[in-house]
Structure formats: structure tokens, C-alpha cells
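Engineer: Here's a structure for you.
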Amino acid sequence: MPFYGRTGGGAPLLFDVECGDRLSIGCFAPDGVDAAALGWGTVAEHPATASVWGDDDPVWRVEAGGPGEPKGRALAEMLVATARAAGVSEPAGLIVGGEAEYVDGYDVRYYGLGLPTG
């Protein structure tokens, strides 16, 4: 599930949440956001995420574990801190995959009639 963030410069992809047997979250932190300081790691630190996204994109990611393992509050706090650092000013500034999608390495936007989902 992709999450986009409305900022002054548009609505870029911020997070990609993947949940199969394990929860993995990818972060597309914009320039100027210190993702490592916010708790994000790389594929070297979370090698299991390579099977989800490959080795290079997204650069920042976390592998939170299988059923019963993820620390929900800590993950939520990391996502909120990252969204704020990226310039998202309110909860309605997050768009849940309805207006755009991340498809096979491309950020696809659907122009035309639509309703915001955030």
C-alpha cells in the first residue's frame, strides 16, 4: 500500500507498506530528510526487504517482523516523524494509494476526475 504526502511541492510517494508473511515498510525520504536519524535502515540492515523491493529502491526501509512481532507504536511514531520532516502538515496530507500508485519502479499519477482519499 503506497502512501503519498501532500507537501508544498506536490504529493510525492513517501512510504510503501508491504505485508505478506512479514511487515516491510519502504521510505522514499525527500532530500534534506535524515531518514537514518528517524530510525530507517538500508537493505544491508534489513536484508529480508531485498525480496520485496530489490537492493536499491527504496533506499530507506525497515523489516518489522512477522505476525505478533511488529512494534506498532514505534512504527507509527517513525512514520509520523518522517511525514512531518517531509513537510506533511496534517493527517489529511497523507494520501493512501487512491490518487497515484507505485507500479514496477514507476510513480504513476492518474489525472482526470477523482476524489481525494486523504
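Going by the C-alpha cells order, chains are called A, B, ..., each with residues numbered from 1, while ligands are numbered from 1 in the order shown.
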Out of chain A, which residues get strand (DSSP E or B) from DSSP, as a PyMOL selection string?
Structural biologist: chain A and resi 2-5+7+10+13-19+23-27+41+60-65+94-96+100-103+106-109
Engineer: Please produce an output containing N, CA, C and O atoms for each residue in the selection, written as a compact mmCIF listing (two decimals), in the first residue's frame.
Structural biologist:
```txt
# COMPACT_ATOMS: atom_id res chain seq x y z
N PRO A 2 0.83 2.04 -1.03
CA PRO A 2 1.63 3.26 -1.06
C PRO A 2 0.95 4.41 -0.32
O PRO A 2 -0.27 4.52 -0.32
N PHE A 3 1.76 5.24 0.32
CA PHE A 3 1.29 6.46 0.97
C PHE A 3 2.02 7.64 0.34
O PHE A 3 3.25 7.63 0.27
N TYR A 4 1.27 8.61 -0.12
CA TYR A 4 1.83 9.82 -0.70
C TYR A 4 1.62 10.96 0.27
O TYR A 4 0.67 10.94 1.06
N GLY A 5 2.47 11.97 0.23
CA GLY A 5 2.37 13.07 1.18
C GLY A 5 2.18 14.40 0.49
O GLY A 5 3.01 14.80 -0.32
N THR A 7 2.66 17.99 0.17
CA THR A 7 3.59 18.99 0.69
C THR A 7 3.46 20.21 -0.22
O THR A 7 2.68 20.21 -1.15
N GLY A 10 3.85 19.24 -4.03
CA GLY A 10 3.08 18.19 -4.69
C GLY A 10 2.72 17.09 -3.70
O GLY A 10 2.52 17.34 -2.53
N LEU A 13 5.56 10.14 -3.39
CA LEU A 13 5.49 8.88 -2.66
C LEU A 13 6.39 8.98 -1.43
O LEU A 13 7.56 9.36 -1.53
N LEU A 14 5.83 8.67 -0.26
CA LEU A 14 6.62 8.68 0.97
C LEU A 14 6.91 7.28 1.50
O LEU A 14 8.02 6.98 1.90
N PHE A 15 5.87 6.43 1.53
CA PHE A 15 6.02 5.11 2.12
C PHE A 15 5.39 4.05 1.23
O PHE A 15 4.39 4.31 0.57
N ASP A 16 5.95 2.86 1.26
CA ASP A 16 5.35 1.70 0.62
C ASP A 16 5.28 0.61 1.67
O ASP A 16 6.31 0.14 2.16
N VAL A 17 4.07 0.25 2.06
CA VAL A 17 3.86 -0.75 3.11
C VAL A 17 3.53 -2.08 2.44
O VAL A 17 2.57 -2.18 1.68
N GLU A 18 4.33 -3.08 2.71
CA GLU A 18 4.15 -4.42 2.15
C GLU A 18 3.98 -5.40 3.30
O GLU A 18 4.80 -5.43 4.22
N CYS A 19 2.91 -6.18 3.24
CA CYS A 19 2.66 -7.12 4.32
C CYS A 19 2.22 -8.46 3.73
O CYS A 19 1.12 -8.58 3.21
N LEU A 23 6.05 -7.84 7.79
CA LEU A 23 5.76 -6.44 7.50
C LEU A 23 7.05 -5.73 7.12
O LEU A 23 8.01 -5.72 7.89
N SER A 24 7.06 -5.15 5.92
CA SER A 24 8.19 -4.36 5.46
C SER A 24 7.65 -3.00 5.04
O SER A 24 6.60 -2.90 4.40
N ILE A 25 8.38 -1.95 5.40
CA ILE A 25 7.98 -0.60 5.03
C ILE A 25 9.16 0.08 4.36
O ILE A 25 10.26 0.12 4.91
N GLY A 26 8.93 0.58 3.16
CA GLY A 26 9.94 1.33 2.43
C GLY A 26 9.67 2.81 2.56
O GLY A 26 8.52 3.24 2.61
N CYS A 27 10.72 3.61 2.61
CA CYS A 27 10.59 5.05 2.77
C CYS A 27 11.31 5.76 1.62
O CYS A 27 12.48 5.49 1.35
N GLY A 41 16.54 2.15 8.07
CA GLY A 41 17.78 1.48 7.74
C GLY A 41 17.86 1.22 6.25
O GLY A 41 16.96 1.59 5.49
N TRP A 60 15.62 3.63 1.84
CA TRP A 60 15.33 3.52 3.27
C TRP A 60 14.21 2.53 3.51
O TRP A 60 13.20 2.55 2.81
N ARG A 61 14.37 1.68 4.51
CA ARG A 61 13.38 0.63 4.76
C ARG A 61 13.51 0.08 6.17
O ARG A 61 14.51 0.29 6.84
N VAL A 62 12.49 -0.65 6.56
CA VAL A 62 12.51 -1.36 7.83
C VAL A 62 11.76 -2.67 7.63
O VAL A 62 10.77 -2.73 6.90
N GLU A 63 12.27 -3.72 8.22
CA GLU A 63 11.60 -5.02 8.20
C GLU A 63 11.15 -5.24 9.63
O GLU A 63 11.96 -5.38 10.55
N ALA A 64 9.82 -5.20 9.85
CA ALA A 64 9.28 -5.15 11.20
C ALA A 64 8.95 -6.52 11.79
O ALA A 64 8.61 -6.61 12.96
N GLY A 65 9.00 -7.57 10.99
CA GLY A 65 8.75 -8.89 11.53
C GLY A 65 7.44 -9.51 11.07
O GLY A 65 6.69 -8.94 10.29
N LEU A 94 -1.82 13.00 4.03
CA LEU A 94 -1.37 11.70 3.55
C LEU A 94 -2.42 11.11 2.63
O LEU A 94 -3.60 11.08 2.97
N ILE A 95 -2.01 10.66 1.49
CA ILE A 95 -2.90 10.06 0.50
C ILE A 95 -2.60 8.58 0.46
O ILE A 95 -1.46 8.17 0.27
N VAL A 96 -3.60 7.75 0.65
CA VAL A 96 -3.43 6.31 0.63
C VAL A 96 -3.74 5.80 -0.77
O VAL A 96 -4.90 5.70 -1.14
N ALA A 100 -2.71 7.91 -6.82
CA ALA A 100 -1.49 7.58 -7.53
C ALA A 100 -1.04 6.21 -7.06
O ALA A 100 -1.53 5.69 -6.07
N GLU A 101 -0.13 5.60 -7.82
CA GLU A 101 0.37 4.28 -7.43
C GLU A 101 1.84 4.16 -7.78
O GLU A 101 2.35 4.84 -8.66
N TYR A 102 2.51 3.26 -7.08
CA TYR A 102 3.89 2.89 -7.37
C TYR A 102 3.81 1.55 -8.09
O TYR A 102 3.39 0.56 -7.51
N VAL A 103 4.14 1.53 -9.39
CA VAL A 103 3.98 0.33 -10.19
C VAL A 103 5.29 -0.01 -10.89
O VAL A 103 5.79 0.78 -11.69
N TYR A 106 7.84 2.68 -11.10
CA TYR A 106 7.39 3.97 -11.61
C TYR A 106 6.34 4.56 -10.69
O TYR A 106 5.49 3.86 -10.17
N ASP A 107 6.39 5.87 -10.52
CA ASP A 107 5.38 6.60 -9.77
C ASP A 107 4.33 7.05 -10.78
O ASP A 107 4.58 7.93 -11.59
N VAL A 108 3.17 6.41 -10.77
CA VAL A 108 2.13 6.66 -11.77
C VAL A 108 1.05 7.54 -11.15
O VAL A 108 0.52 7.22 -10.08
N ARG A 109 0.70 8.62 -11.82
CA ARG A 109 -0.36 9.51 -11.36
C ARG A 109 -1.51 9.44 -12.37
O ARG A 109 -1.29 9.46 -13.57
```
Engineer: Ala83 in chain A: which residues within 9 Å, counting only C-alpha atoms, same-chain residues fewer than 3 positions away excluded, as a PyMOL selection string?
Structural biologist: chain A and resi 5+14+29+78-80+86-89+94
Engineer: Grab the CA of Arg84 in chain A to CA of Gly39 in chain A distance for me, in Å with one decimal place.
Structural biologist: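 For CA of Arg84 in chain A relative to CA of Gly39 in chain A, the distance reads 14.0 Å.
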Engineer: Under the rule that only C-alpha atoms are counted, which of A:Pro58, A:Pro67, A:Gly72, A:Glu90 is the nearest residue to Pro30 in chain A?
Structural biologist: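 The answer is A:Pro58, which sits nearest to Pro30 in chain A.
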Engineer: Point out the residue among A:Leu38, A:Ala11, A:Ala50, A:Val33 with the least atom-to-atom distance to Ala74 in chain A, counting only C-alpha atoms.
Structural biologist: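 Among the listed residues, A:Leu38 lies closest to Ala74 in chain A.
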Engineer: Hey, what does DSSP flag as alpha helix (DSSP H) within chain A? Can you give it to me as number ranges by chain?
Structural biologist: A: 50-53, 72-86
Engineer: Deliver the residues from the most recent selection as a file, using N, CA and C atoms, as a tab-separated table (two decimals), in the first residue's frame.
Structural biologist:
```
chain	number	residue	atom	x	y	z
A	50	ALA	N	15.08	-7.13	0.58
A	50	ALA	CA	15.56	-7.26	-0.81
A	50	ALA	C	14.61	-8.12	-1.63
A	51	SER	N	13.92	-9.06	-1.00
A	51	SER	CA	12.97	-9.88	-1.74
A	51	SER	C	11.69	-9.12	-2.07
A	52	VAL	N	11.47	-8.00	-1.39
A	52	VAL	CA	10.29	-7.17	-1.64
A	52	VAL	C	10.58	-6.13	-2.70
A	53	TRP	N	11.69	-5.38	-2.56
A	53	TRP	CA	11.97	-4.25	-3.46
A	53	TRP	C	13.28	-4.36	-4.23
A	72	GLY	N	3.93	-1.69	16.90
A	72	GLY	CA	3.02	-0.75	16.25
A	72	GLY	C	3.25	0.70	16.63
A	73	ARG	N	3.36	0.97	17.91
A	73	ARG	CA	3.52	2.37	18.35
A	73	ARG	C	4.83	2.96	17.83
A	74	ALA	N	5.92	2.21	17.93
A	74	ALA	CA	7.22	2.71	17.46
A	74	ALA	C	7.20	2.94	15.96
A	75	LEU	N	6.58	2.03	15.20
A	75	LEU	CA	6.49	2.21	13.75
A	75	LEU	C	5.65	3.42	13.41
A	76	ALA	N	4.52	3.59	14.09
A	76	ALA	CA	3.65	4.74	13.84
A	76	ALA	C	4.38	6.05	14.14
A	77	GLU	N	5.11	6.09	15.24
A	77	GLU	CA	5.86	7.30	15.59
A	77	GLU	C	6.93	7.61	14.54
A	78	MET	N	7.58	6.58	14.01
A	78	MET	CA	8.59	6.78	12.98
A	78	MET	C	7.95	7.32	11.69
A	79	LEU	N	6.81	6.76	11.31
A	79	LEU	CA	6.12	7.23	10.10
A	79	LEU	C	5.66	8.67	10.26
A	80	VAL	N	5.09	9.01	11.41
A	80	VAL	CA	4.62	10.38	11.65
A	80	VAL	C	5.80	11.35	11.64
A	81	ALA	N	6.89	11.01	12.31
A	81	ALA	CA	8.06	11.89	12.34
A	81	ALA	C	8.62	12.09	10.93
A	82	THR	N	8.64	11.03	10.14
A	82	THR	CA	9.15	11.12	8.78
A	82	THR	C	8.24	11.98	7.91
A	83	ALA	N	6.93	11.78	8.03
A	83	ALA	CA	5.98	12.59	7.25
A	83	ALA	C	6.11	14.07	7.61
A	84	ARG	N	6.23	14.36	8.90
A	84	ARG	CA	6.40	15.75	9.32
A	84	ARG	C	7.70	16.33	8.77
A	85	ALA	N	8.78	15.57	8.83
A	85	ALA	CA	10.07	16.03	8.31
A	85	ALA	C	10.01	16.27	6.80
A	86	ALA	N	9.15	15.52	6.12
A	86	ALA	CA	8.99	15.68	4.67
A	86	ALA	C	8.09	16.85	4.30
```
